[in-house]
file input06.pdb (PDB, C-alpha atoms)
ATOM      1  CA  MET A 261      71.987 -55.527 -13.494
ATOM      2  CA  GLY A 262      74.463 -53.396 -11.687
ATOM      3  CA  LEU A 263      73.690 -50.051 -10.084
ATOM      4  CA  ALA A 264      75.686 -48.086 -12.693
ATOM      5  CA  GLU A 265      73.768 -49.791 -15.529
ATOM      6  CA  LYS A 266      70.410 -48.968 -13.922
ATOM      7  CA  ASP A 267      71.446 -45.344 -13.539
ATOM      8  CA  ALA A 268      72.482 -45.139 -17.211
ATOM      9  CA  ARG A 269      69.098 -46.604 -18.354
ATOM     10  CA  PHE A 270      67.215 -44.053 -16.202
ATOM     11  CA  ARG A 271      69.200 -41.173 -17.641
ATOM     12  CA  ASN A 272      68.657 -42.393 -21.231
ATOM     13  CA  ARG A 273      64.837 -43.019 -20.858
ATOM     14  CA  PRO A 274      62.658 -41.435 -23.550
ATOM     15  CA  VAL A 275      61.090 -38.143 -22.538
ATOM     16  CA  ARG A 276      57.380 -37.967 -23.487
ATOM     17  CA  ARG A 277      56.311 -34.577 -24.883
ATOM     18  CA  GLY A 278      52.832 -33.814 -26.284
ATOM     19  CA  MET A 279      51.509 -37.091 -24.978
ATOM     20  CA  PRO A 280      47.868 -37.711 -23.910
ATOM     21  CA  GLY A 281      48.602 -36.673 -20.309
ATOM     22  CA  THR A 282      49.616 -33.174 -21.383
ATOM     23  CA  SER A 283      46.574 -32.779 -23.700
ATOM     24  CA  LYS A 284      44.153 -33.789 -20.894
ATOM     25  CA  ALA A 285      45.525 -31.081 -18.639
ATOM     26  CA  GLN A 286      44.886 -28.497 -21.380
ATOM     27  CA  ILE A 287      41.218 -29.583 -21.822
ATOM     28  CA  TRP A 288      40.647 -29.498 -18.065
ATOM     29  CA  SER A 289      41.825 -25.855 -17.944
ATOM     30  CA  LEU A 290      39.434 -24.831 -20.721
ATOM     31  CA  ASP A 291      36.585 -26.547 -18.915
ATOM     32  CA  LEU A 292      37.496 -24.688 -15.742
ATOM     33  CA  ILE A 293      37.634 -21.313 -17.485
ATOM     34  CA  SER A 294      34.338 -21.778 -19.334
ATOM     35  CA  GLY A 295      32.664 -23.151 -16.179
ATOM     36  CA  MET A 296      33.878 -20.237 -14.099
ATOM     37  CA  THR A 297      32.730 -17.774 -16.753
ATOM     38  CA  VAL A 298      29.217 -19.243 -16.818
ATOM     39  CA  LEU A 299      29.102 -19.397 -13.025
ATOM     40  CA  SER A 300      30.302 -15.798 -12.727
ATOM     41  CA  ILE A 301      27.604 -14.622 -15.144
ATOM     42  CA  MET A 302      24.983 -16.538 -13.164
ATOM     43  CA  ILE A 303      26.179 -15.127  -9.835
ATOM     44  CA  LEU A 304      26.249 -11.634 -11.319
ATOM     45  CA  LEU A 305      22.682 -12.047 -12.588
ATOM     46  CA  PHE A 306      21.498 -13.225  -9.173
ATOM     47  CA  VAL A 307      23.282 -10.410  -7.360
ATOM     48  CA  LEU A 308      21.760  -7.814  -9.689
ATOM     49  CA  GLU A 309      18.311  -9.395  -9.414
ATOM     50  CA  TRP A 310      18.520  -9.702  -5.635
ATOM     51  CA  ASN A 311      19.675  -6.107  -5.327
ATOM     52  CA  TYR A 312      16.708  -4.968  -7.423
ATOM     53  CA  LEU A 313      14.257  -7.020  -5.350
ATOM     54  CA  ALA A 314      15.778  -5.725  -2.096
ATOM     55  CA  LEU A 315      15.272  -2.163  -3.320
ATOM     56  CA  ARG A 316      11.660  -2.914  -4.202
ATOM     57  CA  TRP A 317      11.010  -4.576  -0.853
ATOM     58  CA  ASP A 318      12.559  -1.622   0.922
ATOM     59  CA  THR A 319      10.363   0.784  -1.070
ATOM     60  CA  SER A 320       7.347  -1.377  -0.307
ATOM     61  CA  ALA A 321       8.128  -1.432   3.432
ATOM     62  CA  SER A 322       8.609   2.349   3.431
ATOM     63  CA  TYR A 323       5.286   2.848   1.627
ATOM     64  CA  ARG A 324       3.527   0.521   4.070
ATOM     65  CA  GLU A 325       4.909   2.524   6.986
ATOM     66  CA  MET A 326       3.785   5.828   5.442
ATOM     67  CA  LEU A 327       0.328   4.444   4.657
ATOM     68  CA  GLY A 328      -0.041   3.309   8.263
ATOM     69  CA  LYS A 329       0.894   6.779   9.446
ATOM     70  CA  ALA A 330      -1.542   8.390   7.002
ATOM     71  CA  VAL A 331      -4.408   6.117   8.061
ATOM     72  CA  TYR A 332      -3.897   6.652  11.802
ATOM     73  CA  ALA A 333      -3.203  10.391  11.498
ATOM     74  CA  SER A 334      -6.400  10.833   9.466
ATOM     75  CA  ASP A 335      -8.271   8.943  12.164
ATOM     76  CA  ALA A 336      -6.920  11.335  14.808
ATOM     77  CA  LEU A 337      -7.789  14.367  12.679
ATOM     78  CA  PHE A 338     -11.311  13.443  11.590
ATOM     79  CA  THR A 339     -12.685  11.489  14.527
ATOM     80  CA  THR A 340     -11.285  13.250  17.620
ATOM     81  CA  PRO A 341     -11.335  16.834  18.938
ATOM     82  CA  GLY A 342      -7.688  16.688  20.023
ATOM     83  CA  ASP A 343      -6.201  17.079  23.475
ATOM     84  CA  PRO A 344      -7.066  19.446  25.044
ATOM     85  CA  PRO A 345     -10.389  19.527  23.122
ATOM     86  CA  GLY A 346     -10.252  23.342  22.915
ATOM     87  CA  TRP A 347      -6.676  23.547  21.600
ATOM     88  CA  GLU A 348      -7.790  25.917  18.846
ATOM     89  CA  ARG A 349      -8.477  28.641  21.447
ATOM     90  CA  ILE A 350      -4.847  28.748  22.655
ATOM     91  CA  ALA A 351      -3.245  31.829  21.111
ATOM     92  CA  ASN A 352       0.386  30.805  20.670
ATOM     93  CA  LEU A 353       0.328  27.076  20.524
ATOM     94  CA  THR A 354       3.463  25.264  21.695
ATOM     95  CA  GLY A 355       4.316  21.626  22.177
ATOM     96  CA  ASP A 356       3.587  21.923  25.896
ATOM     97  CA  ASP A 357       0.033  23.161  25.275
ATOM     98  CA  VAL A 358      -1.233  20.359  23.098
ATOM     99  CA  SER A 359      -0.671  16.606  23.136
ATOM    100  CA  ALA A 360      -2.920  15.626  20.223
ATOM    101  CA  ILE A 361      -4.429  17.410  17.240
ATOM    102  CA  GLY A 362      -7.987  16.660  16.170
ATOM    103  CA  LEU A 363     -10.400  18.591  13.977
ATOM    104  CA  ALA A 364     -13.743  16.952  14.778
ATOM    105  CA  ASN A 365     -16.510  17.739  17.208
ATOM    106  CA  SER A 366     -17.848  14.242  16.753
ATOM    107  CA  ARG A 367     -16.912  11.482  14.329
ATOM    108  CA  ASN A 368     -16.327  13.018  10.865
ATOM    109  CA  ALA A 369     -18.058  16.301  11.769
ATOM    110  CA  LEU A 370     -15.377  18.975  11.445
ATOM    111  CA  ASP A 371     -15.227  22.034  13.689
ATOM    112  CA  SER A 372     -14.838  25.166  11.563
ATOM    113  CA  GLN A 373     -12.899  26.961  14.321
ATOM    114  CA  LYS A 374     -10.393  24.136  14.528
ATOM    115  CA  MET A 375     -10.073  24.194  10.736
ATOM    116  CA  ASP A 376      -9.487  27.960  10.769
ATOM    117  CA  LYS A 377      -6.825  27.562  13.432
ATOM    118  CA  LEU A 378      -5.114  24.832  11.412
ATOM    119  CA  MET A 379      -5.123  27.021   8.303
ATOM    120  CA  ALA A 380      -3.614  29.884  10.316
ATOM    121  CA  MET A 381      -0.795  27.549  11.338
ATOM    122  CA  ASN A 382       0.122  26.732   7.736
ATOM    123  CA  ALA A 383       2.580  29.534   7.126
ATOM    124  CA  SER A 384       4.984  28.960   9.999
ATOM    125  CA  GLN A 385       7.431  26.060   9.672
ATOM    126  CA  GLY A 386       7.498  25.734  13.483
ATOM    127  CA  ASP A 387       3.721  25.350  13.627
ATOM    128  CA  TYR A 388       3.791  22.893  10.739
ATOM    129  CA  ASP A 389       6.421  20.803  12.545
ATOM    130  CA  LEU A 390       4.321  20.895  15.703
ATOM    131  CA  ILE A 391       1.278  19.597  13.822
ATOM    132  CA  LEU A 392       3.402  16.850  12.244
ATOM    133  CA  SER A 393       4.781  15.736  15.589
ATOM    134  CA  ARG A 394       1.354  15.707  17.277
ATOM    135  CA  LEU A 395      -0.024  13.576  14.458
ATOM    136  CA  GLY A 396       2.826  11.081  14.715
ATOM    137  CA  LEU A 397       4.249  12.192  11.370
ATOM    138  CA  SER A 398       7.700  13.352  12.473
ATOM    139  CA  GLY A 399      10.208  12.678   9.739
ATOM    140  CA  CYS A 400       7.486  12.849   7.097
ATOM    141  CA  GLN A 401       5.662  15.617   5.256
ATOM    142  CA  MET A 402       1.906  15.974   4.980
ATOM    143  CA  HIS A 403      -0.651  17.570   2.702
ATOM    144  CA  LEU A 404      -4.319  17.783   3.631
ATOM    145  CA  THR A 405      -7.050  18.801   1.206
ATOM    146  CA  ILE A 406     -10.785  18.970   1.799
ATOM    147  CA  SER A 407     -12.875  19.302  -1.331
ATOM    148  CA  ASP A 408     -16.386  18.696  -2.600
ATOM    149  CA  LEU A 409     -17.407  15.179  -3.589
ATOM    150  CA  ALA A 410     -16.801  15.777  -7.278
ATOM    151  CA  GLY A 411     -13.379  17.273  -6.574
ATOM    152  CA  ASN A 412     -14.241  20.520  -8.330
ATOM    153  CA  ALA A 413     -13.893  22.899  -5.373
ATOM    154  CA  THR A 414     -11.281  22.857  -2.609
ATOM    155  CA  TYR A 415     -12.493  24.106   0.762
ATOM    156  CA  TYR A 416      -9.257  23.668   2.730
ATOM    157  CA  ASP A 417      -5.656  23.103   1.705
ATOM    158  CA  TYR A 418      -2.976  22.557   4.352
ATOM    159  CA  GLY A 419       0.657  21.458   4.305
ATOM    160  CA  ARG A 420       3.142  20.645   1.621
ATOM    161  CA  PRO A 421       2.052  18.793  -1.539
ATOM    162  CA  SER A 422       4.533  16.145  -2.640
ATOM    163  CA  GLY A 423       4.180  16.050  -6.400
ATOM    164  CA  LEU A 424       5.204  12.386  -6.122
ATOM    165  CA  ASN A 425       3.293   9.384  -7.319
ATOM    166  CA  ASN A 426       4.458   7.072  -4.526
ATOM    167  CA  SER A 427       3.179   9.042  -1.542
ATOM    168  CA  ALA A 428       0.692   7.372   0.821
ATOM    169  CA  VAL A 429      -2.845   8.752   0.771
ATOM    170  CA  ALA A 430      -5.712   8.203   3.201
ATOM    171  CA  ASP A 431      -9.131   9.017   1.691
ATOM    172  CA  ARG A 432     -11.880   9.980   4.142
ATOM    173  CA  PHE A 433     -15.305  11.608   4.234
ATOM    174  CA  VAL A 434     -16.025  14.574   6.479
ATOM    175  CA  LEU A 435     -18.967  16.785   7.258
ATOM    176  CA  LEU A 436     -18.604  20.579   7.091
ATOM    177  CA  ASN A 437     -20.997  22.910   8.904
ATOM    178  CA  GLY A 438     -23.019  19.892   9.985
ATOM    179  CA  SER A 439     -24.490  19.195   6.566
ATOM    180  CA  VAL A 440     -22.022  19.442   3.684
ATOM    181  CA  VAL A 441     -20.433  16.103   2.830
ATOM    182  CA  ALA A 442     -16.859  16.582   1.638
ATOM    183  CA  LYS A 443     -13.905  14.460   0.675
ATOM    184  CA  ALA A 444     -10.730  14.672   2.761
ATOM    185  CA  GLU A 445      -7.399  13.476   1.451
ATOM    186  CA  LEU A 446      -4.359  13.190   3.694
ATOM    187  CA  GLU A 447      -1.133  12.660   1.791
ATOM    188  CA  VAL A 448       1.972  11.554   3.680
ATOM    189  CA  TRP A 449       5.374  11.457   2.019
ATOM    190  CA  ARG A 450       9.125  11.629   2.603
TER     191      ARG A 450
ATOM    192  CA  MET B 246      36.254 -43.375 -21.984
ATOM    193  CA  GLU B 247      37.188 -39.748 -22.103
ATOM    194  CA  HIS B 248      34.224 -39.020 -24.372
ATOM    195  CA  ALA B 249      31.792 -40.687 -21.916
ATOM    196  CA  SER B 250      33.184 -38.603 -19.090
ATOM    197  CA  HIS B 251      32.573 -35.390 -21.076
ATOM    198  CA  SER B 252      28.968 -36.420 -21.863
ATOM    199  CA  ARG B 253      28.216 -36.915 -18.168
ATOM    200  CA  GLY B 254      29.595 -33.472 -17.391
ATOM    201  CA  PHE B 255      27.490 -31.920 -20.130
ATOM    202  CA  ALA B 256      24.331 -33.599 -18.805
ATOM    203  CA  ILE B 257      24.977 -32.154 -15.334
ATOM    204  CA  THR B 258      25.463 -28.692 -16.848
ATOM    205  CA  LEU B 259      22.107 -28.983 -18.639
ATOM    206  CA  ASP B 260      20.468 -29.868 -15.333
ATOM    207  CA  ALA B 261      22.073 -26.841 -13.724
ATOM    208  CA  ILE B 262      20.961 -24.558 -16.568
ATOM    209  CA  ALA B 263      17.404 -25.885 -16.303
ATOM    210  CA  ALA B 264      17.383 -25.360 -12.529
ATOM    211  CA  LEU B 265      18.819 -21.862 -12.828
ATOM    212  CA  SER B 266      16.319 -21.026 -15.550
ATOM    213  CA  PHE B 267      13.477 -22.078 -13.256
ATOM    214  CA  MET B 268      14.943 -19.996 -10.482
ATOM    215  CA  LEU B 269      15.316 -16.966 -12.761
ATOM    216  CA  MET B 270      11.718 -17.443 -13.898
ATOM    217  CA  ALA B 271      10.601 -17.547 -10.248
ATOM    218  CA  LEU B 272      12.545 -14.357  -9.515
ATOM    219  CA  TYR B 273      11.020 -12.698 -12.565
ATOM    220  CA  PHE B 274       7.552 -13.705 -11.340
ATOM    221  CA  ILE B 275       8.263 -12.250  -7.872
ATOM    222  CA  GLU B 276       9.680  -9.121  -9.496
ATOM    223  CA  SER B 277       6.643  -8.628 -11.722
ATOM    224  CA  THR B 278       4.241  -9.104  -8.819
ATOM    225  CA  SER B 279       2.986  -5.781  -7.539
ATOM    226  CA  PHE B 280       3.716  -5.128  -3.885
ATOM    227  CA  ASN B 281       0.361  -4.167  -2.423
ATOM    228  CA  PRO B 282       0.421  -3.469   1.306
ATOM    229  CA  MET B 283      -2.531  -5.686   2.205
ATOM    230  CA  ALA B 284      -2.006  -5.438   5.961
ATOM    231  CA  LEU B 285      -3.737  -2.066   6.177
ATOM    232  CA  LYS B 286      -6.430  -2.735   3.602
ATOM    233  CA  GLY B 287      -8.878  -4.039   6.205
ATOM    234  CA  THR B 288      -8.334  -0.992   8.418
ATOM    235  CA  GLU B 289      -8.748   1.377   5.487
ATOM    236  CA  LEU B 290     -11.899  -0.384   4.349
ATOM    237  CA  LYS B 291     -13.375  -0.264   7.846
ATOM    238  CA  GLN B 292     -12.588   3.439   8.124
ATOM    239  CA  ILE B 293     -14.116   4.360   4.781
ATOM    240  CA  SER B 294     -17.221   2.311   5.628
ATOM    241  CA  LEU B 295     -17.635   3.987   9.014
ATOM    242  CA  ASP B 296     -16.980   7.401   7.432
ATOM    243  CA  THR B 297     -19.592   6.807   4.741
ATOM    244  CA  MET B 298     -22.218   5.692   7.218
ATOM    245  CA  ALA B 299     -21.415   8.570   9.604
ATOM    246  CA  VAL B 300     -21.669  11.317   6.968
ATOM    247  CA  LEU B 301     -24.800   9.791   5.424
ATOM    248  CA  GLN B 302     -26.493   9.676   8.807
ATOM    249  CA  LYS B 303     -25.330  13.072  10.116
ATOM    250  CA  SER B 304     -26.080  14.923   6.885
ATOM    251  CA  GLY B 305     -29.629  13.532   6.753
ATOM    252  CA  ARG B 306     -28.969  11.749   3.446
ATOM    253  CA  LEU B 307     -29.702   8.380   5.022
ATOM    254  CA  LYS B 308     -33.242   9.335   5.994
ATOM    255  CA  SER B 309     -33.839  10.896   2.599
ATOM    256  CA  VAL B 310     -34.099   7.414   1.047
ATOM    257  CA  LEU B 311     -37.427   7.102   2.863
ATOM    258  CA  LEU B 312     -38.927  10.118   1.145
ATOM    259  CA  PRO B 313     -41.583   9.432  -1.479
ATOM    260  CA  ASN B 314     -40.295   9.434  -5.077
ATOM    261  CA  TYR B 315     -36.685   9.295  -3.846
ATOM    262  CA  ASN B 316     -34.245   8.437  -6.643
ATOM    263  CA  GLY B 317     -31.192   7.747  -4.461
ATOM    264  CA  THR B 318     -29.069  10.593  -5.877
ATOM    265  CA  SER B 319     -27.792  12.048  -2.585
ATOM    266  CA  VAL B 320     -26.618   8.643  -1.303
ATOM    267  CA  LYS B 321     -25.281   7.535  -4.695
ATOM    268  CA  GLU B 322     -23.224  10.729  -4.872
ATOM    269  CA  VAL B 323     -21.375   9.837  -1.651
ATOM    270  CA  ILE B 324     -20.903   6.185  -2.558
ATOM    271  CA  ALA B 325     -19.603   7.147  -5.998
ATOM    272  CA  ALA B 326     -17.016   9.432  -4.382
ATOM    273  CA  THR B 327     -15.320   6.553  -2.526
ATOM    274  CA  PRO B 328     -11.915   5.465  -3.903
ATOM    275  CA  SER B 329     -12.174   3.695  -7.257
ATOM    276  CA  GLN B 330     -11.047   0.329  -5.875
ATOM    277  CA  VAL B 331     -13.688   0.337  -3.123
ATOM    278  CA  CYS B 332     -17.090  -1.251  -3.754
ATOM    279  CA  MET B 333     -20.175  -0.611  -1.646
ATOM    280  CA  ASP B 334     -23.661  -1.984  -1.350
ATOM    281  CA  MET B 335     -26.162  -0.312   0.967
ATOM    282  CA  THR B 336     -29.582  -1.626   1.928
ATOM    283  CA  VAL B 337     -32.214  -0.002   4.113
ATOM    284  CA  MET B 338     -34.843  -2.294   5.620
ATOM    285  CA  ALA B 339     -37.784  -1.690   7.861
ATOM    286  CA  ILE B 340     -37.727  -3.547  11.156
ATOM    287  CA  ASN B 341     -40.399  -5.924   9.820
ATOM    288  CA  GLY B 342     -37.990  -7.030   7.068
ATOM    289  CA  THR B 343     -39.421  -4.986   4.196
ATOM    290  CA  MET B 344     -36.727  -3.761   1.807
ATOM    291  CA  VAL B 345     -36.964   0.011   1.484
ATOM    292  CA  ALA B 346     -33.918   0.844  -0.610
ATOM    293  CA  SER B 347     -30.896  -0.859  -2.125
ATOM    294  CA  ILE B 348     -28.075   1.201  -3.576
ATOM    295  CA  SER B 349     -24.899  -0.266  -5.103
ATOM    296  CA  LYS B 350     -21.804   1.356  -6.507
ATOM    297  CA  PRO B 351     -21.754   0.827 -10.282
ATOM    298  CA  GLY B 352     -19.079  -1.320 -11.896
ATOM    299  CA  CYS B 353     -18.585  -3.650  -8.953
ATOM    300  CA  GLY B 354     -18.666  -7.424  -8.892
ATOM    301  CA  ALA B 355     -19.427  -9.600  -5.907
ATOM    302  CA  ALA B 356     -17.105  -9.523  -2.907
ATOM    303  CA  VAL B 357     -14.430 -12.176  -3.367
ATOM    304  CA  THR B 358     -11.947 -11.251  -0.651
ATOM    305  CA  GLN B 359     -12.304  -9.545   2.698
ATOM    306  CA  SER B 360     -15.309  -7.307   3.223
ATOM    307  CA  GLN B 361     -16.502  -4.985   5.973
ATOM    308  CA  THR B 362     -20.088  -4.506   7.069
ATOM    309  CA  VAL B 363     -21.385  -1.550   9.063
ATOM    310  CA  TYR B 364     -24.880  -1.312  10.568
ATOM    311  CA  ARG B 365     -26.969   1.639  11.713
ATOM    312  CA  ILE B 366     -30.441   1.700  13.216
ATOM    313  CA  PHE B 367     -32.585   4.812  13.016
ATOM    314  CA  SER B 368     -36.235   5.713  13.402
ATOM    315  CA  TYR B 369     -38.343   7.755  11.021
ATOM    316  CA  GLY B 370     -42.051   8.479  11.333
ATOM    317  CA  GLY B 371     -42.396   6.070  14.215
ATOM    318  CA  THR B 372     -40.850   3.151  12.317
ATOM    319  CA  VAL B 373     -37.422   1.677  13.011
ATOM    320  CA  PHE B 374     -35.132   1.031  10.058
ATOM    321  CA  THR B 375     -31.900  -0.909   9.735
ATOM    322  CA  THR B 376     -29.158   0.165   7.356
ATOM    323  CA  THR B 377     -26.450  -2.251   6.233
ATOM    324  CA  LEU B 378     -23.420  -1.020   4.358
ATOM    325  CA  LYS B 379     -21.154  -3.702   2.946
ATOM    326  CA  SER B 380     -17.766  -2.722   1.494
ATOM    327  CA  TRP B 381     -15.083  -4.682  -0.315
ATOM    328  CA  TYR B 382     -12.236  -4.155  -2.719
ATOM    329  CA  ASN B 383     -12.909  -4.460  -6.423
ATOM    330  CA  GLU B 384     -10.308  -6.989  -7.589
ATOM    331  CA  GLY B 385     -10.214  -5.633 -11.125
ATOM    332  CA  VAL B 386      -9.179  -2.112 -10.150
ATOM    333  CA  PRO B 387      -5.575  -1.464  -9.077
ATOM    334  CA  GLY B 388      -5.199  -0.032  -5.603
TER     335      GLY B 388
END

call {"tool": "encode", "arguments": {"input": "input06.pdb", "output": "C-alpha cells"}}
result
Amino acid sequence: MGLAEKDARFRNRPVRRGMPGTSKAQIWSLDLISGMTVLSIMILLFVLEWNYLALRWDTSASYREMLGKAVYASDALFTTPGDPPGWERIANLTGDDVSAIGLANSRNALDSQKMDKLMAMNASQGDYDLILSRLGLSGCQMHLTISDLAGNATYYDYGRPSGLNNSAVADRFVLLNGSVVAKAELEVWR
Amino acid sequence: MEHASHSRGFAITLDAIAALSFMLMALYFIESTSFNPMALKGTELKQISLDTMAVLQKSGRLKSVLLPNYNGTSVKEVIAATPSQVCMDMTVMAINGTMVASISKPGCGAAVTQSQTVYRIFSYGGTVFTTTLKSWYNEGVPG
C-alpha cells in the first residue's frame, strides 16, 4: 500500500459519534457532581456543628474562669480581714492604701464595720472598680448579697446584679454579729 | 463489567455514609452533654464544708446538739440552706465512741463521686466530742 492510499483511507475512516466512550464520560460527570454535592453537604454540616461546639466550649471555658474568680474572691472576702486589716478605717480609700479586701475578723465571721464601709463604697464607680481590682475581678462585674438562711430577708446588697442566668455564683455561709448565721452569694459576670 | 464497577462504588458510598452517620451521632452526643466545670467542684465543696462547720461552731449551734431533748432544728436549718446539689451528713460522737447525734440532709443518696470530710473537736461539760461533716454532690440534681 502506497503512502497516498494510506492517507486516503485515514481521511475516509468512519467517525464514531454517540458511541460507548462518549456515554461513559457523561455518566462519570454525573457521578462527580452528585458526589461533590453530597460531600459539600457533609462538610457544611461538620463546619456548622464544629462552629456550634467551639462556641459552647468557649462559653464553658469563660464560665469556668468566672467561677474560679467567684470562688477565690469569696474566699478573700469571707475568710480574711484584708490588707491592711484595718482598711475600713481609711477615710478616702485609694489603690495605694489597700492591697486586698476582706470582710472577716476570723473565718466566716464578718466585721460589721467592714461591711458598713463596703456598703458606703457602693455608690461610686471608682470605689466599685477599686473593690473589683482588689478582689481579682477586673474585667468582670460582681454582685454580693447576704441574706437569712431562708432567703426571706436581705441584710446586705452590694454591686451590680447581672440578671443573667449564666453568671458564676459562689455560695457561702457567714456569721453576722458573732451569732447570726447567714447565706452569702457572690455573683460574678461579664 | 460497567455494572460491577458501579456496584463497588455504591458499596463504598454506603460505608462512608455509615461512618459519617456514626461521627454525626458522636458529635450529637458531645453536643447534648452538659459542660459542667468539674475542676472547681472539689474546691467549692471543701469551702462549703469548712463554712458550714465554722458557722455551726462559732454560732454555738454545734454544741446545742448536746442539749437534752434537742431536735436538731438549728443544725438542720443550716444544712438545708446549702446549695441544692450539695449533700451533707454530720455526726457528733463522744470521745469514747458513743454516737450523740447524726443529722443528714434530706433527699440525698450515698456519695458516689468525690466527697469532702471536715472534722472538729470540742469539749462540753468536761467531755470531748468529735464532729465529722461529710459532703458530696447529689448526682441527681443539676449543678

call {"tool": "residues_around", "arguments": {"input": "input06.pdb", "residues": "Tyr315 of chain B", "least_positions_apart": "3", "cutoff": "12 Å", "atoms": "only C-alpha atoms", "output": "PyMOL selection string"}}
result
chain B and resi 306-312+318-321+345-348

call {"tool": "closest_residue", "arguments": {"input": "input06.pdb", "among": "B:Phe274, B:Met335, B:Ala356, B:Ser329", "to": "Leu301 of chain B", "atoms": "all atoms listed in the file"}}
result
B:Met335

call {"tool": "resolve_selection", "arguments": {"input": "input06.pdb", "expression": "the PyMOL selection byres ((chain A and resi 413-419) around 7)", "output": "list in words"}}
result
Met379, Asn382, Met402, His403, Leu404, Thr405, Ile406, Ser407, Asp408, Gly411, Asn412, Arg420 and Pro421 of chain A

call {"tool": "resolve_selection", "arguments": {"input": "input06.pdb", "expression": "the PyMOL selection byres ((chain A) within 8 of (chain B))", "output": "list in words"}}
result
Glu309, Leu313, Trp317, Ser320, Tyr323, Arg324, Leu327, Gly328, Val331, Arg367, Asn368, Ala369, Leu409, Ala410, Ala430, Asp431, Arg432, Phe433, Val434, Leu435, Gly438, Ser439, Val440, Val441 and Lys443 of chain A

call {"tool": "closest_residue", "arguments": {"input": "input06.pdb", "among": "A:Ser322, A:Thr354, A:Ser359, A:Ser334", "to": "Val429 of chain A", "atoms": "all atoms listed in the file"}}
result
A:Ser334

call {"tool": "resolve_selection", "arguments": {"input": "input06.pdb", "expression": "the PyMOL selection byres ((chain B and resi 378) around 6)", "output": "PyMOL selection string"}}
result
chain B and resi 334-335+362-363+377+379
